[in-house]
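Read through the structure below, which is laid out as structure tokens, and then see the notes.
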Amino acid sequence: MKIPLKYNIRSLFVRSGTTLMTIASIAFVVLVYIGVLALAGGLRVAFAASGDPRNVLILREGAKTETESFFDQEKARQLAALPGVARGADGQPLASGQVILLQILKRNDGSESNVALRGVEPAVFAIRPQIHIVDGRQFEPGKGEVIVGKNLAERFRDLKLGNEVTFGRIRFKVVGVFDSNGGSFNSEVWGGALDLRNAFRSSSSSFSSTLLQASSPDQAEALVRTIQADQRLKLQAMSETKYFAQQATANSGQFIILGNVLAVLMAFGACFAAANTMYAQVSARSHEIGTLRALGFRRRSILAAFMVEAALVGLIAGVVGAALALPLNGLTAATMNGMTFSEITFALRTTPDILAGGVLLALLTGVVGGFPAAWSASRRPVTVLLREH
Amino acid sequence: MGKLIWRNLLRNKRRTLLTLASLMFAVVLLTFLTAFLDLLTNTEAAVDNRLVVRSAISLANPLPESYGPRLQRIDRVKAVTPLNWFQGVYLNDRPENFFARFSSDPATLFQVFTEYRMSDAEKQAWAAERGAFIAGKALADKYGWKIGDQIFIKGDIYPVDLNLTLRGIYTAPGVESSEKQIFFHRRYLEEAMNNPGIVGTYFLLLDSPDDVPAVVEKAEAMFANSESQVRAETEAAFQLSFLEMIGNVQFLFQAIGIAIAVSIFFITANTMAMAARERTTEVAVLKTLGFQGGQVMGMVIFEAVLVGLLGAAIGCAVSAAAITGMARQLDKVFPLFGTLAMTPRAWGVGLGIGLLVGLVSGLFPAFSASRLRIVDALRRVA
Amino acid sequence: MSIVEVQDVSKNYQRDDFTVKVLSNLSLAVEEGDFVALMGPSGSGKSTLLNLLAGFDRPTEGRLVVAGQDITRLSESDLAVWRHRRIGFIFQFYNLIPVLNALENVELPLTLTKLPKAKRRQKAETALKVVGLADRLKHFPRQLSGGQEQRVAIARAIVTDPALLLCDEPTGDLDAQSAEDILNLLSELNQQFGKTIVMVTHDPRAAERARVVLHLEKGQLARSAERVA
């Protein structure tokens, strides 16, 4: 015989104060879990949005990131001429040498951070069509103009549209703000490769990387193999998606670990709180349980009834916690890209799997915490139960 | 009175224990976060009269070699040494094999880092051989390096691979993190790159900490109109600038900390509410005996504070033990975190939260107990 | 001389929309040294009167002078002090603190005084001796019988040496023999120690032990006081 669910729900809210406080404590565990994982989720999304499987990124052999890499522009020219590189509407190869430089700038609050500057060649906008100007206009090479990623424009006082800013030794003018559909480029300043190289007096003939586009992902694979096989080049090629996946893993890994460690430890704590509540429920209702038993309900019905209640507490807490965490979605956060040493700004993402994980965590907390009380409720003799008041 | 509070705590042992256990977990987390944050902001290796001079553009931008002698000429500057962060990969790129690798100048390194100790014979041996390097004792012990051992480091930032021979082991008494680095000849690196004449950072030792503002101003002014402008700051400020770049970490930890604190508040408040509800009659009896509202209130709050502090104390103790145990393990896997320690601030945060949570969670039940009317309470039982 | 003067006291309760008159214009006096039993059917107002006498509740109208104080004019805090010095209260369900043993329970009211610990102990022991529990000092309430619990409660009530003992159905939860013992004890306190006692009861045997029996009905004295002895 099963005890109807209605009974559980009503019982929970008879002593609503206790139940609500337990729900609140578990909900905050869920909030922390979802919040921290949303950071990891946001970073993943930002890096994933940056890569295209048709694109191939070429770095100096041994360099792990674009910031560490540099090679002669003669090599870049050889790369652009490789068969398999797609051609744009103008008949030119879809290839762009890129220079990555770092510049210390002040945030709006006065603190400082490294900002990544990317010097590019015109073909890059054909290779990365997702990049579009949202305010102002496109920069013109050779004129000391730059465009800034949307996130930077919001965070750094010198990078507002129309402002002038010194990079290296030269003043640049911010003529446009661009968006790369939430990708990590939104945390970069883009300008002409030559302009930026001059500003930094870095050896004027070198690039940090070259970006090529093949006509298909398969072609891209072939291109990677060709470059890797050429010993004389001393370069390494990889698919752009793979490059950004590495960055995503390197940067979000810490948050995934942090989120899980926090969640597990906090959940342990909350388990004890749930146990407290369920024990209180059981002891306040021993007479009631005795009566149910006397009416013919079996031990396991009692056990099931209390487990359902505990699960319900967990479930409600999970949903409440997830609801509390939802406003975090889209909030911007900034961290240092540990691989390039420059700041990356991204939007927190409370993806469905993270939300579900949070709810599951709460459910588990309720069930595990409630079990001892439910078990003891079902084990006690009817006579003892009825004697208590 | 104290006895009554204590016995009340023990009255429902299971409930008190469950509450203490959940408090403990939360406080362990809080103290860990604090200890971790303290580790990030730890500048124990920094010396007050040491300055760092670097490019105003960014750390990735080097300075010319010619700046060294000019900095040396500034009044009150005792010594100058160049340091280049080589990074590179030793054995493999697992974090356990990460340690700081610098190129420097054997003639001046020990003049600036006066706390480093090494025998004169070793100093001479290092200076005499271009491919020689020296290592901190803690690091040499970790890898079992002996004088004469050779190591290979693959370059990443620099397109240069290093083949180095150990010629000296230095100690830095009291500052373990300073012993987890190696230094090699800057000429080795320069020659391998066809002598570009570049220096990543200059470290300056001044006569006294009082000279810092004046020297900072002079150094920055000296190169204001040069090719590469510089930024000068104390060693501690230099180290903290990395944390500033990481940006939101402190805020993130604080937000998590607050969420944890709120969560334990609900847990403790729940216990106190349950305890208070059971004792309504008793509160009424105490009042019948002539106890004042304020006294009853004090009693309930004191009990809550006791629970809060007790849970926090257990949590802090567990944390302290765990951190000591973990630091040793962490040292092997993430040497950067090897100096994780239960700082006084972590103790403070743990116990402080316990006290605060106890106070706040006791407040409401205490207030209702003090306001309780005897007639109402007695009617409830009858 | 009267130790209790009830002057034209009324007490009304608000129940939803209408007012319930529990006591209406009640006046009575209790002389020092008396042993008064308050009797009456349920709802007659006898418990309300006892609550008013103890200062647990305040009258809607009228004046109460108890142990020399006009308690209708005292603040909550002054009431607590007054209760501690002048009143001993005995409950139907004893209401001992379960986590304290007999001696500690009796000592509890004394912790409000500045008496040194040794002196407090001594007084508590004396009170327990008076109620005949000198051999149960270290027992906890759950280790005592109902009658013994009530005797501890009486010891707690008299340990501060109050002038007036207020009892709310002191034998209501006890078997015949224990009830008899408690009544003997109360009589003894009245006769040998000169305590004035006001006892609410509906046990006729308890009322027999009183010197004055007051009958309440619908919030008023049903008939004039009967002097038993």
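For the structure tokens, the naming scheme is as follows: chains receive sequential letters (A, B, ...) according to their order of presentation, residues are indexed from 1 within each chain, and ligands are indexed from 1 in presentation order.
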
If you take only C-alpha atoms and a cut-off of 8 Å, which residues of chain A touch chain B, and what are their nearest atom pairs and distances in Å to one decimal, in chain and number order, as a tab-separated table?
```
residue	atom	partner	partner_atom	distance
A:Gly17	CA	B:Asn270	CA	7.9
A:Thr18	CA	B:Asn270	CA	5.8
A:Met21	CA	B:Phe266	CA	5.4
A:Thr22	CA	B:Ile267	CA	6.6
A:Ala24	CA	B:Phe266	CA	6.7
A:Ser25	CA	B:Ser263	CA	4.4
A:Ile26	CA	B:Ser263	CA	7.2
A:Phe28	CA	B:Ser263	CA	5.6
A:Val29	CA	B:Ser263	CA	7.1
A:Leu31	CA	B:Ala259	CA	7.9
A:Val32	CA	B:Ile256	CA	6.3
A:Gly62	CA	B:Asp156	CA	5.5
A:Ala63	CA	B:Asp156	CA	5.0
A:Lys64	CA	B:Asp156	CA	7.0
A:Glu68	CA	B:Ile157	CA	4.7
A:Ser69	CA	B:Ile157	CA	7.1
A:Leu101	CA	B:Ala60	CA	7.8
A:Leu102	CA	B:Ser58	CA	5.9
A:Gln103	CA	B:Ile57	CA	5.0
A:Ile104	CA	B:Ser58	CA	5.3
A:Ser111	CA	B:Glu244	CA	6.9
A:Glu112	CA	B:Met245	CA	6.5
A:Ser113	CA	B:Met245	CA	4.7
A:Asn114	CA	B:Ser58	CA	6.8
A:Phe167	CA	B:Ile57	CA	7.4
A:Gly168	CA	B:Ile57	CA	5.9
A:Arg169	CA	B:Glu227	CA	7.6
A:Leu262	CA	B:Leu29	CA	7.2
A:Leu265	CA	B:Phe25	CA	6.2
A:Met266	CA	B:Ala26	CA	6.1
A:Phe268	CA	B:Phe25	CA	7.0
A:Gly269	CA	B:Ser22	CA	3.7
A:Ala270	CA	B:Ser22	CA	6.2
A:Cys271	CA	B:Ser22	CA	7.6
A:Phe272	CA	B:Leu18	CA	5.2
A:Ala273	CA	B:Ile267	CA	5.8
A:Ala275	CA	B:Leu18	CA	7.4
A:Asn276	CA	B:Arg15	CA	5.9
A:Ala280	CA	B:Met274	CA	7.9
A:Ala333	CA	B:Asn248	CA	7.1
A:Ala334	CA	B:Asn248	CA	6.2
A:Thr335	CA	B:Ile246	CA	5.1
A:Met336	CA	B:Ile246	CA	4.7
A:Ser342	CA	B:Met245	CA	7.9
A:Glu343	CA	B:Met245	CA	7.0
```

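Near chain B, the residues of chain C that fall inside 6 Å (using only C-alpha atoms) are Phe56, Ala80, Val81, Arg83, His84, Val99 and Pro109 of chain C.
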
Write the residues you've just listed into a file as a PDB file, in the first residue's frame, and include C-alpha atoms for each of them.
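Generated output (selection_1.pdb):
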```
ATOM      1  CA  PHE C  56       1.539  36.694  33.609  1.00  0.00           C
ATOM      2  CA  ALA C  80      10.079  39.796  36.673  1.00  0.00           C
ATOM      3  CA  VAL C  81      11.973  41.146  39.684  1.00  0.00           C
ATOM      4  CA  ARG C  83       7.925  37.669  40.747  1.00  0.00           C
ATOM      5  CA  HIS C  84      11.374  36.454  41.644  1.00  0.00           C
ATOM      6  CA  VAL C  99      18.617  18.884  31.478  1.00  0.00           C
ATOM      7  CA  PRO C 109      16.050  30.929  40.671  1.00  0.00           C
TER       8      PRO C 109
END
```

Checklist entry - Do you know which residues are at most 9 Å from Ala157 in chain C counting only C-alpha atoms, after dropping those on the same chain fewer than 5 positions away, and could you put them as a ChimeraX atom specification? => result /B:289 /C:87-90,106,109,152,162,165

Item to check | All alpha helix (DSSP H) residues (DSSP, backbone) inside range 170-204 of chain C, as a list in words | outcome: Ala176, Gln177, Ser178, Ala179, Glu180, Asp181, Ile182, Leu183, Asn184, Leu185, Leu186, Ser187, Glu188, Leu189, Asn190, Gln191, Gln192 and Pro204 of chain C

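The spacing separating CA of Ser283 in chain A from CA of Val367 in chain A amounts to 18.0 Å.
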
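Here the question is which of C:Ala67, C:Ala222, C:Ala37, C:Cys167 gets nearest to Val4 in chain C using only C-alpha atoms, and that residue is C:Ala67.
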
Checklist entry - Any idea what the distance is between CA of Ile289 in chain A and CA of Val368 in chain A? => result 21.0 Å

Item to check | Nearby residues (only C-alpha atoms) at most 7 Å from range 19-28 of chain C, same-chain spacing under 5 positions excluded, as number ranges by chain | outcome: C: 5-14, 45, 218-220

Please save C-alpha atoms of the selected residues as a JSON list (two decimals), in the first residue's frame.
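Produced file again-v5.json, reproduced below:
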```json
[["chain", "number", "residue", "atom", "x", "y", "z"],
["C", 5, "GLU", "CA", -6.32, 42.54, 46.96],
["C", 6, "VAL", "CA", -8.35, 42.17, 43.79],
["C", 7, "GLN", "CA", -10.25, 45.39, 43.21],
["C", 8, "ASP", "CA", -13.03, 45.50, 40.65],
["C", 9, "VAL", "CA", -11.04, 43.48, 38.12],
["C", 10, "SER", "CA", -12.36, 42.60, 34.68],
["C", 11, "LYS", "CA", -10.64, 40.60, 31.97],
["C", 12, "ASN", "CA", -11.88, 40.38, 28.41],
["C", 13, "TYR", "CA", -10.50, 38.35, 25.51],
["C", 14, "GLN", "CA", -11.10, 39.13, 21.90],
["C", 45, "GLY", "CA", -12.05, 32.25, 35.05],
["C", 218, "LYS", "CA", -18.85, 32.98, 34.94],
["C", 219, "GLY", "CA", -16.15, 35.31, 36.12],
["C", 220, "GLN", "CA", -17.70, 36.20, 39.43]]
```

Checklist entry - Near range 191-201 of chain B, counting only C-alpha atoms, which residues have an atom at most 7 Å away, once you skip same-chain residues fewer than 3 positions from it, shown as a ChimeraX atom specification? => result /B:52-54,62-65,82-85,160,187-188

Checklist entry - So which residues touch Ser216 in chain A within 9 Å, counting only C-alpha atoms, skipping near sequence neighbours fewer than 6 positions away, as a ChimeraX atom specification? => result /A:53-55,86

Store the residues picked out above, limited to N, CA and C atoms, as a PDB file, in the first residue's frame.
```
ATOM      1  N   PRO A  53      36.234  24.912 -38.332  1.00  0.00           N
ATOM      2  CA  PRO A  53      36.960  23.680 -38.693  1.00  0.00           C
ATOM      3  C   PRO A  53      37.684  23.777 -40.045  1.00  0.00           C
ATOM      4  N   ARG A  54      37.319  24.762 -40.862  1.00  0.00           N
ATOM      5  CA  ARG A  54      38.015  24.897 -42.148  1.00  0.00           C
ATOM      6  C   ARG A  54      39.322  25.661 -41.992  1.00  0.00           C
ATOM      7  N   ASN A  55      39.499  26.298 -40.826  1.00  0.00           N
ATOM      8  CA  ASN A  55      40.669  27.157 -40.645  1.00  0.00           C
ATOM      9  C   ASN A  55      41.855  26.385 -40.079  1.00  0.00           C
ATOM     10  N   ALA A  86      42.038  28.046 -49.815  1.00  0.00           N
ATOM     11  CA  ALA A  86      40.909  28.549 -50.597  1.00  0.00           C
ATOM     12  C   ALA A  86      41.183  29.974 -51.068  1.00  0.00           C
TER      13      ALA A  86
END
```

Next on the checklist: I want to know what sits within 10 Å of range 168-182 of chain C, based on only C-alpha atoms, with residues of the same chain fewer than 4 positions away left out; could you give that as a PyMOL selection string?
Outcome noted: chain C and resi 37-38+46-47+50-51+89-94+131+145-148+150-151+153-154+186-188+198-203+205-206+209

Pull C-alpha atoms from the residues just selected and write them as a PDB file, in the first residue's frame.
```pdb
ATOM      1  CA  ALA C  37      -8.584  27.087  47.120  1.00  0.00           C
ATOM      2  CA  LEU C  38     -10.047  28.557  43.939  1.00  0.00           C
ATOM      3  CA  LYS C  46     -10.082  30.643  37.857  1.00  0.00           C
ATOM      4  CA  SER C  47      -6.943  30.080  35.780  1.00  0.00           C
ATOM      5  CA  LEU C  50      -4.281  32.960  38.855  1.00  0.00           C
ATOM      6  CA  ASN C  51      -2.416  34.263  35.779  1.00  0.00           C
ATOM      7  CA  PHE C  89       4.595  29.301  41.210  1.00  0.00           C
ATOM      8  CA  ILE C  90       3.697  25.606  41.072  1.00  0.00           C
ATOM      9  CA  PHE C  91       2.461  24.077  37.803  1.00  0.00           C
ATOM     10  CA  GLN C  92       0.210  21.132  37.105  1.00  0.00           C
ATOM     11  CA  PHE C  93       2.914  19.515  34.918  1.00  0.00           C
ATOM     12  CA  TYR C  94       5.804  20.479  37.238  1.00  0.00           C
ATOM     13  CA  VAL C 131      10.077  18.689  50.661  1.00  0.00           C
ATOM     14  CA  SER C 145       8.196   9.911  39.839  1.00  0.00           C
ATOM     15  CA  GLY C 146       5.465  12.479  39.219  1.00  0.00           C
ATOM     16  CA  GLY C 147       5.030  13.143  42.924  1.00  0.00           C
ATOM     17  CA  GLN C 148       8.769  13.584  43.385  1.00  0.00           C
ATOM     18  CA  GLN C 150       6.198  18.038  41.890  1.00  0.00           C
ATOM     19  CA  ARG C 151       8.044  18.154  45.196  1.00  0.00           C
ATOM     20  CA  ALA C 153       8.989  22.008  41.742  1.00  0.00           C
ATOM     21  CA  ILE C 154       7.691  23.055  45.162  1.00  0.00           C
ATOM     22  CA  LEU C 186       1.456  22.416  51.053  1.00  0.00           C
ATOM     23  CA  SER C 187      -0.416  22.395  54.375  1.00  0.00           C
ATOM     24  CA  GLU C 188       2.860  22.124  56.196  1.00  0.00           C
ATOM     25  CA  VAL C 198      -3.608  30.377  46.475  1.00  0.00           C
ATOM     26  CA  MET C 199      -4.406  27.111  44.715  1.00  0.00           C
ATOM     27  CA  VAL C 200      -6.570  26.556  41.652  1.00  0.00           C
ATOM     28  CA  THR C 201      -8.069  23.098  41.723  1.00  0.00           C
ATOM     29  CA  HIS C 202     -11.126  21.151  40.852  1.00  0.00           C
ATOM     30  CA  ASP C 203     -10.222  18.264  43.067  1.00  0.00           C
ATOM     31  CA  ARG C 205     -10.108  16.563  48.257  1.00  0.00           C
ATOM     32  CA  ALA C 206      -7.557  19.244  47.572  1.00  0.00           C
ATOM     33  CA  ARG C 209      -7.232  21.004  52.814  1.00  0.00           C
TER      34      ARG C 209
END
```

DSSP on the backbone, strand (DSSP E or B) only: what residues of range 172-285 of chain B does that give? Format it as a PDB file with C-alpha atoms, in the first residue's frame.
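Just written: part.pdb:
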```
ATOM      1  CA  GLN B 181      64.058  28.515  -9.263  1.00  0.00           C
ATOM      2  CA  ILE B 182      67.102  28.239 -11.441  1.00  0.00           C
ATOM      3  CA  PHE B 183      69.358  30.926 -12.907  1.00  0.00           C
ATOM      4  CA  PHE B 184      71.610  30.621 -15.951  1.00  0.00           C
ATOM      5  CA  HIS B 185      73.921  32.936 -17.911  1.00  0.00           C
ATOM      6  CA  ILE B 198      67.304  42.428 -24.617  1.00  0.00           C
ATOM      7  CA  VAL B 199      66.413  42.305 -20.951  1.00  0.00           C
ATOM      8  CA  THR B 201      63.213  43.008 -16.198  1.00  0.00           C
ATOM      9  CA  TYR B 202      65.834  44.776 -14.137  1.00  0.00           C
ATOM     10  CA  PHE B 203      65.903  44.172 -10.384  1.00  0.00           C
ATOM     11  CA  LEU B 204      67.367  47.039  -8.336  1.00  0.00           C
ATOM     12  CA  LEU B 205      68.531  46.978  -4.731  1.00  0.00           C
ATOM     13  CA  LEU B 206      68.279  50.346  -2.975  1.00  0.00           C
ATOM     14  CA  VAL B 230      59.734  51.898 -18.271  1.00  0.00           C
ATOM     15  CA  ARG B 231      57.648  51.250 -15.241  1.00  0.00           C
ATOM     16  CA  ALA B 232      59.350  50.951 -11.859  1.00  0.00           C
ATOM     17  CA  GLU B 233      57.648  49.451  -8.800  1.00  0.00           C
ATOM     18  CA  THR B 234      58.484  47.578  -5.635  1.00  0.00           C
TER      19      THR B 234
END
```
